[in-house]
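Asker: Contents of target.pdb (PDB, C-alpha atoms, pLDDT in the B column) are given next:
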```pdb
ATOM      1  CA  MET A 171    -117.946 104.358 -13.727  1.00 48.00           C
ATOM      2  CA  GLU A 172    -115.743 104.231 -10.701  1.00 51.00           C
ATOM      3  CA  VAL A 173    -112.013 103.757 -11.430  1.00 48.00           C
ATOM      4  CA  HIS A 174    -109.833 102.128  -8.801  1.00 52.00           C
ATOM      5  CA  HIS A 175    -106.157 103.054  -8.883  1.00 53.00           C
ATOM      6  CA  HIS A 176    -103.418 100.791  -7.604  1.00 54.00           C
ATOM      7  CA  PRO A 177    -102.119 102.326  -4.377  1.00 57.00           C
ATOM      8  CA  GLU A 178     -98.489 102.033  -5.462  1.00 54.00           C
ATOM      9  CA  VAL A 179     -99.289 103.869  -8.695  1.00 49.00           C
ATOM     10  CA  GLU A 180    -101.012 106.678  -6.772  1.00 53.00           C
ATOM     11  CA  LYS A 181     -98.111 106.933  -4.335  1.00 53.00           C
ATOM     12  CA  LYS A 182     -95.222 106.963  -6.823  1.00 54.00           C
ATOM     13  CA  GLY A 183     -96.917 108.291  -9.880  1.00 60.00           C
ATOM     14  CA  LEU A 184     -97.458 106.430 -13.115  1.00 59.00           C
ATOM     15  CA  LYS A 185     -94.168 107.510 -14.691  1.00 63.00           C
ATOM     16  CA  GLU A 186     -92.045 106.383 -11.783  1.00 65.00           C
ATOM     17  CA  TYR A 187     -93.906 103.075 -11.561  1.00 56.00           C
ATOM     18  CA  VAL A 188     -93.394 102.314 -15.259  1.00 57.00           C
ATOM     19  CA  LEU A 189     -89.731 103.299 -15.009  1.00 61.00           C
ATOM     20  CA  GLU A 190     -89.205 100.985 -12.060  1.00 61.00           C
ATOM     21  CA  GLY A 191     -90.848  98.097 -13.926  1.00 58.00           C
ATOM     22  CA  LEU A 192     -88.658  98.765 -16.933  1.00 60.00           C
ATOM     23  CA  MET A 193     -85.533  98.737 -14.762  1.00 62.00           C
ATOM     24  CA  ILE A 194     -86.515  95.390 -13.276  1.00 62.00           C
ATOM     25  CA  PHE A 195     -87.154  93.972 -16.746  1.00 55.00           C
ATOM     26  CA  LEU A 196     -83.797  95.217 -17.999  1.00 55.00           C
ATOM     27  CA  ALA A 197     -82.003  93.780 -14.981  1.00 54.00           C
ATOM     28  CA  VAL A 198     -83.573  90.352 -15.493  1.00 55.00           C
ATOM     29  CA  THR A 199     -82.837  90.459 -19.232  1.00 54.00           C
ATOM     30  CA  MET A 200     -79.221  91.484 -18.709  1.00 55.00           C
ATOM     31  CA  GLY A 201     -78.824  88.736 -16.138  1.00 54.00           C
ATOM     32  CA  PHE A 202     -80.158  86.226 -18.643  1.00 50.00           C
ATOM     33  CA  PHE A 203     -77.769  87.465 -21.322  1.00 48.00           C
ATOM     34  CA  ALA A 204     -74.848  87.377 -18.898  1.00 45.00           C
ATOM     35  CA  GLU A 205     -75.635  83.788 -17.941  1.00 51.00           C
ATOM     36  CA  THR A 206     -75.931  82.818 -21.607  1.00 48.00           C
ATOM     37  CA  ILE A 207     -72.552  84.411 -22.328  1.00 45.00           C
ATOM     38  CA  ARG A 208     -70.975  82.616 -19.365  1.00 48.00           C
ATOM     39  CA  GLU A 209     -72.369  79.280 -20.584  1.00 47.00           C
ATOM     40  CA  SER A 210     -71.127  79.987 -24.113  1.00 47.00           C
ATOM     41  CA  VAL A 211     -67.640  80.826 -22.860  1.00 45.00           C
ATOM     42  CA  SER A 212     -67.652  77.715 -20.672  1.00 49.00           C
ATOM     43  CA  ASP A 213     -68.775  75.527 -23.593  1.00 53.00           C
ATOM     44  CA  ARG A 214     -66.030  76.899 -25.839  1.00 63.00           C
ATOM     45  CA  SER A 215     -63.482  76.270 -23.109  1.00 68.00           C
ATOM     46  CA  LYS A 216     -64.674  72.675 -22.648  1.00 78.00           C
ATOM     47  CA  GLY A 217     -64.652  72.196 -26.416  1.00 68.00           C
ATOM     48  CA  ARG A 218     -61.026  73.341 -26.597  1.00 82.00           C
ATOM     49  CA  GLU A 219     -60.106  70.933 -23.806  1.00 85.00           C
ATOM     50  CA  TYR A 220     -61.724  68.071 -25.712  1.00 83.00           C
ATOM     51  CA  LEU A 221     -59.770  68.997 -28.835  1.00 86.00           C
ATOM     52  CA  LYS A 222     -56.472  69.221 -26.944  1.00 88.00           C
ATOM     53  CA  SER A 223     -57.109  65.804 -25.418  1.00 88.00           C
ATOM     54  CA  PHE A 224     -58.057  64.418 -28.831  1.00 90.00           C
ATOM     55  CA  VAL A 225     -54.793  65.766 -30.282  1.00 90.00           C
ATOM     56  CA  GLN A 226     -52.828  63.911 -27.607  1.00 92.00           C
ATOM     57  CA  ASP A 227     -54.677  60.701 -28.518  1.00 92.00           C
ATOM     58  CA  LEU A 228     -53.846  61.277 -32.180  1.00 93.00           C
ATOM     59  CA  LYS A 229     -50.164  61.744 -31.363  1.00 92.00           C
ATOM     60  CA  SER A 230     -50.118  58.400 -29.549  1.00 91.00           C
ATOM     61  CA  ASP A 231     -51.839  56.717 -32.489  1.00 93.00           C
ATOM     62  CA  THR A 232     -49.446  58.318 -34.984  1.00 91.00           C
ATOM     63  CA  ALA A 233     -46.462  56.719 -33.267  1.00 88.00           C
ATOM     64  CA  ASN A 234     -48.238  53.342 -33.327  1.00 90.00           C
ATOM     65  CA  PHE A 235     -49.137  53.767 -37.009  1.00 91.00           C
ATOM     66  CA  SER A 236     -45.477  54.284 -37.860  1.00 89.00           C
ATOM     67  CA  TYR A 237     -44.308  51.275 -35.868  1.00 90.00           C
ATOM     68  CA  LEU A 238     -46.929  48.893 -37.249  1.00 91.00           C
ATOM     69  CA  ALA A 239     -46.494  50.083 -40.849  1.00 90.00           C
ATOM     70  CA  ALA A 240     -42.744  49.471 -40.583  1.00 91.00           C
ATOM     71  CA  PHE A 241     -43.436  46.023 -39.119  1.00 91.00           C
ATOM     72  CA  ASP A 242     -45.718  45.179 -42.054  1.00 91.00           C
ATOM     73  CA  LYS A 243     -43.126  46.445 -44.531  1.00 91.00           C
ATOM     74  CA  ARG A 244     -40.523  44.037 -43.150  1.00 91.00           C
ATOM     75  CA  LYS A 245     -43.009  41.164 -43.418  1.00 91.00           C
ATOM     76  CA  VAL A 246     -43.803  41.998 -47.043  1.00 93.00           C
ATOM     77  CA  GLU A 247     -40.081  42.102 -47.888  1.00 92.00           C
ATOM     78  CA  GLU A 248     -39.571  38.640 -46.380  1.00 91.00           C
ATOM     79  CA  LEU A 249     -42.651  37.282 -48.156  1.00 92.00           C
ATOM     80  CA  SER A 250     -41.254  38.493 -51.481  1.00 91.00           C
ATOM     81  CA  LYS A 251     -39.257  35.220 -51.485  1.00 89.00           C
ATOM     82  CA  LEU A 252     -42.419  33.177 -52.014  1.00 90.00           C
ATOM     83  CA  SER A 253     -41.887  32.354 -55.682  1.00 91.00           C
ATOM     84  CA  SER A 254     -38.305  31.134 -55.355  1.00 89.00           C
ATOM     85  CA  CYS A 255     -39.180  29.041 -52.280  1.00 87.00           C
ATOM     86  CA  TYR A 256     -42.125  27.485 -54.114  1.00 88.00           C
ATOM     87  CA  ASP A 257     -39.836  26.493 -56.973  1.00 87.00           C
ATOM     88  CA  THR A 258     -37.336  24.993 -54.503  1.00 84.00           C
ATOM     89  CA  ILE A 259     -39.972  22.856 -52.793  1.00 81.00           C
ATOM     90  CA  THR A 260     -41.708  21.610 -55.928  1.00 81.00           C
ATOM     91  CA  ASN A 261     -38.529  20.905 -57.928  1.00 80.00           C
ATOM     92  CA  SER A 262     -36.147  19.581 -55.261  1.00 68.00           C
ATOM     93  CA  ARG A 263     -36.020  17.112 -52.389  1.00 59.00           C
ATOM     94  CA  GLY A 264     -34.966  17.773 -48.840  1.00 53.00           C
ATOM     95  CA  THR A 265     -34.158  21.424 -49.496  1.00 62.00           C
ATOM     96  CA  ASP A 266     -37.327  23.089 -48.242  1.00 68.00           C
ATOM     97  CA  GLY A 267     -35.826  24.974 -45.292  1.00 74.00           C
ATOM     98  CA  CYS A 268     -36.799  28.222 -47.046  1.00 82.00           C
ATOM     99  CA  VAL A 269     -40.422  27.737 -45.998  1.00 81.00           C
ATOM    100  CA  LEU A 270     -39.740  28.071 -42.263  1.00 79.00           C
ATOM    101  CA  PRO A 271     -38.667  31.750 -42.309  1.00 83.00           C
ATOM    102  CA  LEU A 272     -41.759  32.529 -44.388  1.00 85.00           C
ATOM    103  CA  VAL A 273     -44.041  30.836 -41.889  1.00 81.00           C
ATOM    104  CA  GLN A 274     -42.332  32.464 -38.929  1.00 80.00           C
ATOM    105  CA  VAL A 275     -42.793  35.967 -40.331  1.00 85.00           C
ATOM    106  CA  ALA A 276     -46.371  35.257 -41.453  1.00 85.00           C
ATOM    107  CA  SER A 277     -47.535  33.568 -38.241  1.00 80.00           C
ATOM    108  CA  TYR A 278     -47.024  36.608 -36.048  1.00 81.00           C
ATOM    109  CA  SER A 279     -48.962  39.833 -36.432  1.00 86.00           C
ATOM    110  CA  LEU A 280     -49.646  43.014 -34.481  1.00 86.00           C
ATOM    111  CA  THR A 281     -53.022  44.674 -33.995  1.00 87.00           C
ATOM    112  CA  MET A 282     -53.615  48.381 -33.791  1.00 90.00           C
ATOM    113  CA  ASN A 283     -54.876  49.492 -30.388  1.00 89.00           C
ATOM    114  CA  PHE A 284     -56.379  52.928 -30.912  1.00 92.00           C
ATOM    115  CA  THR A 285     -56.241  55.599 -28.216  1.00 89.00           C
ATOM    116  CA  ASP A 286     -59.913  56.543 -28.404  1.00 87.00           C
ATOM    117  CA  GLY A 287     -60.836  57.668 -24.898  1.00 86.00           C
ATOM    118  CA  THR A 288     -61.529  61.264 -25.936  1.00 87.00           C
ATOM    119  CA  LEU A 289     -63.412  60.197 -29.052  1.00 86.00           C
ATOM    120  CA  GLN A 290     -65.690  57.982 -26.971  1.00 87.00           C
ATOM    121  CA  GLN A 291     -66.377  60.892 -24.619  1.00 84.00           C
ATOM    122  CA  LEU A 292     -67.226  63.138 -27.555  1.00 82.00           C
ATOM    123  CA  LYS A 293     -69.680  60.573 -28.885  1.00 81.00           C
ATOM    124  CA  ASN A 294     -71.217  59.315 -25.642  1.00 80.00           C
ATOM    125  CA  ALA A 295     -71.058  62.304 -23.295  1.00 66.00           C
ATOM    126  CA  GLY A 296     -72.466  64.908 -25.662  1.00 72.00           C
ATOM    127  CA  GLY A 297     -69.089  66.513 -26.272  1.00 74.00           C
ATOM    128  CA  PHE A 298     -69.695  66.950 -30.004  1.00 77.00           C
ATOM    129  CA  ARG A 299     -72.236  69.695 -29.333  1.00 79.00           C
ATOM    130  CA  LEU A 300     -69.427  71.840 -27.913  1.00 79.00           C
ATOM    131  CA  LEU A 301     -67.464  71.800 -31.181  1.00 82.00           C
ATOM    132  CA  ASP A 302     -67.791  73.776 -34.378  1.00 84.00           C
ATOM    133  CA  LYS A 303     -69.380  71.921 -37.301  1.00 86.00           C
ATOM    134  CA  ALA A 304     -66.120  71.859 -39.255  1.00 87.00           C
ATOM    135  CA  ASP A 305     -64.297  70.279 -36.307  1.00 86.00           C
ATOM    136  CA  ARG A 306     -67.107  67.761 -35.761  1.00 87.00           C
ATOM    137  CA  ASP A 307     -67.069  66.790 -39.434  1.00 90.00           C
ATOM    138  CA  SER A 308     -63.288  66.299 -39.551  1.00 90.00           C
ATOM    139  CA  ILE A 309     -63.315  64.126 -36.422  1.00 90.00           C
ATOM    140  CA  ASP A 310     -66.280  62.146 -37.731  1.00 91.00           C
ATOM    141  CA  THR A 311     -64.434  61.461 -41.004  1.00 92.00           C
ATOM    142  CA  TYR A 312     -61.420  60.190 -39.087  1.00 93.00           C
ATOM    143  CA  ASP A 313     -63.667  58.004 -36.931  1.00 93.00           C
ATOM    144  CA  HIS A 314     -65.186  56.387 -40.047  1.00 93.00           C
ATOM    145  CA  GLU A 315     -61.728  55.667 -41.452  1.00 94.00           C
ATOM    146  CA  VAL A 316     -60.701  54.050 -38.161  1.00 94.00           C
ATOM    147  CA  ALA A 317     -63.856  51.908 -38.251  1.00 94.00           C
ATOM    148  CA  ALA A 318     -63.027  50.808 -41.809  1.00 95.00           C
ATOM    149  CA  TYR A 319     -59.521  49.806 -40.719  1.00 95.00           C
ATOM    150  CA  LYS A 320     -60.818  47.832 -37.736  1.00 94.00           C
ATOM    151  CA  ASN A 321     -63.257  46.000 -39.996  1.00 95.00           C
ATOM    152  CA  PHE A 322     -60.475  45.140 -42.454  1.00 95.00           C
ATOM    153  CA  GLU A 323     -58.199  43.927 -39.673  1.00 94.00           C
ATOM    154  CA  ALA A 324     -60.925  41.702 -38.162  1.00 93.00           C
ATOM    155  CA  THR A 325     -62.022  40.214 -41.499  1.00 94.00           C
ATOM    156  CA  TRP A 326     -59.744  40.066 -44.520  1.00 92.00           C
ATOM    157  CA  PHE A 327     -56.441  40.333 -42.670  1.00 93.00           C
ATOM    158  CA  GLN A 328     -57.247  37.960 -39.804  1.00 92.00           C
ATOM    159  CA  GLU A 329     -59.027  35.443 -42.012  1.00 92.00           C
ATOM    160  CA  SER A 330     -56.147  35.277 -44.499  1.00 91.00           C
ATOM    161  CA  GLN A 331     -53.748  34.580 -41.647  1.00 89.00           C
ATOM    162  CA  ASN A 332     -55.995  31.921 -40.097  1.00 90.00           C
ATOM    163  CA  VAL A 333     -56.332  30.042 -43.395  1.00 89.00           C
ATOM    164  CA  MET A 334     -52.572  30.159 -43.952  1.00 86.00           C
ATOM    165  CA  ARG A 335     -51.881  28.793 -40.474  1.00 84.00           C
ATOM    166  CA  THR A 336     -54.401  25.970 -40.887  1.00 85.00           C
ATOM    167  CA  ASN A 337     -52.930  24.711 -44.151  1.00 82.00           C
ATOM    168  CA  PHE A 338     -49.372  25.065 -42.876  1.00 81.00           C
ATOM    169  CA  VAL A 339     -50.150  22.717 -39.977  1.00 80.00           C
ATOM    170  CA  LYS A 340     -51.576  20.179 -42.447  1.00 80.00           C
ATOM    171  CA  MET A 341     -48.460  20.338 -44.595  1.00 78.00           C
ATOM    172  CA  LEU A 342     -45.797  20.403 -41.894  1.00 75.00           C
ATOM    173  CA  ASN A 343     -43.654  17.479 -40.803  1.00 73.00           C
ATOM    174  CA  PHE A 344     -44.430  16.854 -37.112  1.00 75.00           C
ATOM    175  CA  LYS A 345     -40.740  16.624 -36.136  1.00 73.00           C
ATOM    176  CA  THR A 346     -40.145  20.022 -37.684  1.00 73.00           C
ATOM    177  CA  LEU A 347     -43.083  21.552 -35.839  1.00 72.00           C
ATOM    178  CA  ASP A 348     -41.957  19.956 -32.580  1.00 74.00           C
ATOM    179  CA  ALA A 349     -38.491  21.463 -32.920  1.00 72.00           C
ATOM    180  CA  MET A 350     -39.994  24.949 -33.307  1.00 69.00           C
ATOM    181  CA  PHE A 351     -41.263  24.982 -29.706  1.00 69.00           C
ATOM    182  CA  PRO A 352     -38.916  25.916 -26.838  1.00 66.00           C
ATOM    183  CA  ASP A 353     -40.003  22.991 -24.619  1.00 70.00           C
ATOM    184  CA  SER A 354     -39.113  20.450 -27.302  1.00 63.00           C
ATOM    185  CA  GLY A 355     -36.343  17.955 -26.675  1.00 63.00           C
ATOM    186  CA  GLN A 356     -35.156  18.324 -30.273  1.00 60.00           C
ATOM    187  CA  GLU A 357     -32.124  20.478 -30.937  1.00 62.00           C
ATOM    188  CA  HIS A 358     -32.338  20.727 -34.725  1.00 64.00           C
ATOM    189  CA  ILE A 359     -35.016  21.340 -37.295  1.00 63.00           C
ATOM    190  CA  VAL A 360     -35.839  18.156 -39.194  1.00 61.00           C
ATOM    191  CA  LEU A 361     -35.949  18.421 -43.000  1.00 62.00           C
ATOM    192  CA  PRO A 362     -37.860  18.043 -45.176  1.00 65.00           C
ATOM    193  CA  ALA A 363     -40.084  20.438 -43.264  1.00 68.00           C
ATOM    194  CA  VAL A 364     -43.082  19.797 -45.511  1.00 70.00           C
ATOM    195  CA  TYR A 365     -44.417  16.989 -47.659  1.00 67.00           C
ATOM    196  CA  PRO A 366     -43.522  18.075 -51.209  1.00 63.00           C
ATOM    197  CA  ASN A 367     -45.308  15.109 -52.804  1.00 71.00           C
ATOM    198  CA  ASP A 368     -48.680  16.647 -51.950  1.00 78.00           C
ATOM    199  CA  LYS A 369     -48.505  19.184 -54.771  1.00 81.00           C
ATOM    200  CA  ALA A 370     -52.078  20.388 -54.290  1.00 85.00           C
ATOM    201  CA  LEU A 371     -51.558  21.178 -50.595  1.00 84.00           C
ATOM    202  CA  VAL A 372     -48.207  22.884 -51.248  1.00 84.00           C
ATOM    203  CA  ASN A 373     -49.807  24.979 -53.972  1.00 89.00           C
ATOM    204  CA  GLU A 374     -52.754  25.895 -51.731  1.00 89.00           C
ATOM    205  CA  PHE A 375     -50.438  26.882 -48.920  1.00 87.00           C
ATOM    206  CA  PHE A 376     -48.392  29.193 -51.128  1.00 91.00           C
ATOM    207  CA  ASN A 377     -51.589  30.696 -52.493  1.00 93.00           C
ATOM    208  CA  ASP A 378     -52.562  31.399 -48.882  1.00 92.00           C
ATOM    209  CA  LEU A 379     -49.202  33.042 -48.257  1.00 92.00           C
ATOM    210  CA  LYS A 380     -49.625  35.168 -51.380  1.00 93.00           C
ATOM    211  CA  LEU A 381     -53.048  36.372 -50.254  1.00 93.00           C
ATOM    212  CA  TYR A 382     -51.711  37.033 -46.774  1.00 94.00           C
ATOM    213  CA  LYS A 383     -48.869  39.058 -48.267  1.00 94.00           C
ATOM    214  CA  GLY A 384     -51.458  41.144 -50.135  1.00 94.00           C
ATOM    215  CA  ALA A 385     -53.479  41.677 -46.959  1.00 94.00           C
ATOM    216  CA  THR A 386     -50.355  42.704 -45.062  1.00 94.00           C
ATOM    217  CA  LYS A 387     -49.363  45.152 -47.790  1.00 93.00           C
ATOM    218  CA  PHE A 388     -52.847  46.670 -47.857  1.00 94.00           C
ATOM    219  CA  GLN A 389     -52.812  46.966 -44.075  1.00 93.00           C
ATOM    220  CA  GLY A 390     -49.628  49.009 -44.365  1.00 92.00           C
ATOM    221  CA  VAL A 391     -51.291  51.279 -46.934  1.00 93.00           C
ATOM    222  CA  MET A 392     -54.300  51.852 -44.658  1.00 93.00           C
ATOM    223  CA  LEU A 393     -52.052  52.596 -41.688  1.00 93.00           C
ATOM    224  CA  THR A 394     -50.063  55.109 -43.727  1.00 92.00           C
ATOM    225  CA  LYS A 395     -53.281  56.878 -44.784  1.00 93.00           C
ATOM    226  CA  LEU A 396     -54.523  56.960 -41.192  1.00 94.00           C
ATOM    227  CA  LYS A 397     -51.208  58.444 -40.105  1.00 94.00           C
ATOM    228  CA  MET A 398     -51.517  61.168 -42.750  1.00 94.00           C
ATOM    229  CA  ARG A 399     -55.083  61.927 -41.659  1.00 94.00           C
ATOM    230  CA  ALA A 400     -54.102  62.057 -37.982  1.00 94.00           C
ATOM    231  CA  THR A 401     -51.108  64.305 -38.722  1.00 94.00           C
ATOM    232  CA  THR A 402     -53.328  66.692 -40.699  1.00 94.00           C
ATOM    233  CA  LEU A 403     -55.820  66.882 -37.819  1.00 93.00           C
ATOM    234  CA  ILE A 404     -53.052  67.527 -35.302  1.00 93.00           C
ATOM    235  CA  ARG A 405     -51.691  70.413 -37.354  1.00 92.00           C
ATOM    236  CA  HIS A 406     -55.143  71.859 -37.930  1.00 90.00           C
ATOM    237  CA  PHE A 407     -56.270  71.770 -34.303  1.00 88.00           C
ATOM    238  CA  GLU A 408     -52.976  73.090 -32.990  1.00 88.00           C
ATOM    239  CA  SER A 409     -53.100  75.896 -35.543  1.00 83.00           C
ATOM    240  CA  GLU A 410     -56.699  76.800 -34.658  1.00 77.00           C
ATOM    241  CA  HIS A 411     -56.621  76.336 -30.896  1.00 68.00           C
ATOM    242  CA  GLY A 412     -52.941  76.378 -29.978  1.00 62.00           C
ATOM    243  CA  PRO A 413     -50.574  73.533 -29.039  1.00 60.00           C
ATOM    244  CA  GLU A 414     -50.864  71.637 -25.785  1.00 55.00           C
TER
END
```
Can you present the structure in this file as structure tokens?
Answerer:
Amino acid sequence: MEVHHHPEVEKKGLKEYVLEGLMIFLAVTMGFFAETIRESVSDRSKGREYLKSFVQDLKSDTANFSYLAAFDKRKVEELSKLSSCYDTITNSRGTDGCVLPLVQVASYSLTMNFTDGTLQQLKNAGGFRLLDKADRDSIDTYDHEVAAYKNFEATWFQESQNVMRTNFVKMLNFKTLDAMFPDSGQEHIVLPAVYPNDKALVNEFFNDLKLYKGATKFQGVMLTKLKMRATTLIRHFESEHGPE
């Protein structure tokens, strides 16, 4: 049998040819490893930038949590006068001015506007893959708690306020309502502000206020818990990855 040798093998010798092939293989392999390491380092760097940005968002939210929780606390303190005002309206005549401060504090509310730009990027731009599992899990837990708060605010809280406002308008003396607007020609609030003879409507309205007070108090509790969660995350990420 005739054996044909590759000309390069005959020229260089088998040993040199194998060695050259091995060197090429090692060079390609090392290049692959180097590129993988560079990508890994780049991913970790991007992940840290996401976390630093997320921490800044949390700090903004923490300040808002504190402000809104304090606002709710003041409302709950004012609404603590419900029982005495109810007694005044149902047992007296022409002395129902106590209901107006209650309505004023209950008619105005603040909503929580979350700073979630970084969180949306993590979820929609594939940023979560750059984070460790523990960091992903902690952020995901916070995101679920935020979603629960938003749902509460849009349902129980908002609905309790809407019902209260509707029944207040039914119960209110028009001249009193007119005097509450800045473009009104009236200079003084007209009393009685409500129609105390409609006991059922008065009772329903104060029930609405009571439920709204409960919703406001619970909102404050949820905001306080969110603040604690955000503060814990800030401390953790700054401890692990350094402050901004």
Asker: What separation in Å, quoted to one decimal, exists between atom CA of Gly267 of chain A and atom CA of Ala240 of chain A?
Answerer: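 Separating atom CA of Gly267 of chain A from atom CA of Ala240 of chain A is a distance of 25.9 Å.
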Asker: What is the distance between atom CA of Leu403 of chain A and atom CA of Val246 of chain A, in Å to one decimal?
Answerer: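 Computing the Euclidean distance for atom CA of Leu403 of chain A and atom CA of Val246 of chain A yields 29.1 Å.
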Asker: If you measure from atom CA of Asn234 of chain A to atom CA of Tyr220 of chain A, what distance in Å do you get, rounded to one decimal?
Answerer: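 One can read the atom CA of Asn234 of chain A to atom CA of Tyr220 of chain A distance as 21.4 Å.
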Asker: May I ask which of the residues A:Val364, A:Ile309, A:Leu342, A:Leu396 is the closest one to Leu289 of chain A, counting all atoms listed in the file?
Answerer: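 Ranking A:Val364, A:Ile309, A:Leu342, A:Leu396 by distance to Leu289 of chain A, first place goes to A:Ile309.
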Asker: Which one is closest to Thr346 of chain A: A:Ala318, A:Leu371, A:Leu270, A:Leu379? Count all atoms listed in the file.
Answerer: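 Between A:Ala318, A:Leu371, A:Leu270, A:Leu379, the residue approaching Thr346 of chain A most closely is A:Leu270.
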Asker: Spell out the residues picked by the PyMOL selection byres ((chain A and resi 398) around 12) here, as a list in words.
Answerer: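 Applying the expression gives Leu228, Lys229, Asp231, Thr232, Ala233, Phe235, Ser236, Tyr312, Glu315, Val391, Met392, Leu393, Thr394, Lys395, Leu396, Lys397, Arg399, Ala400, Thr401, Thr402, Leu403, Ile404 and Arg405 of chain A.
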Asker: Applied to this file, what does the PyMOL selection byres ((chain A and resi 381) around 10) return in terms of residues, put as a list in words?
Answerer: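 Evaluating the PyMOL selection byres ((chain A and resi 381) around 10) on these coordinates yields Trp326, Phe327, Ser330, Gln331, Val333, Met334, Phe375, Phe376, Asn377, Asp378, Leu379, Lys380, Tyr382, Lys383, Gly384, Ala385, Thr386 and Lys387 of chain A.
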Asker: Of the candidates A:Ser223, A:Leu272, A:Glu329, A:Asn343, which shows the shortest atom-to-atom distance to Cys255 of chain A, using all atoms listed in the file?
Answerer: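 Looking only at the distances to Cys255 of chain A, the closest residue turns out to be A:Leu272.
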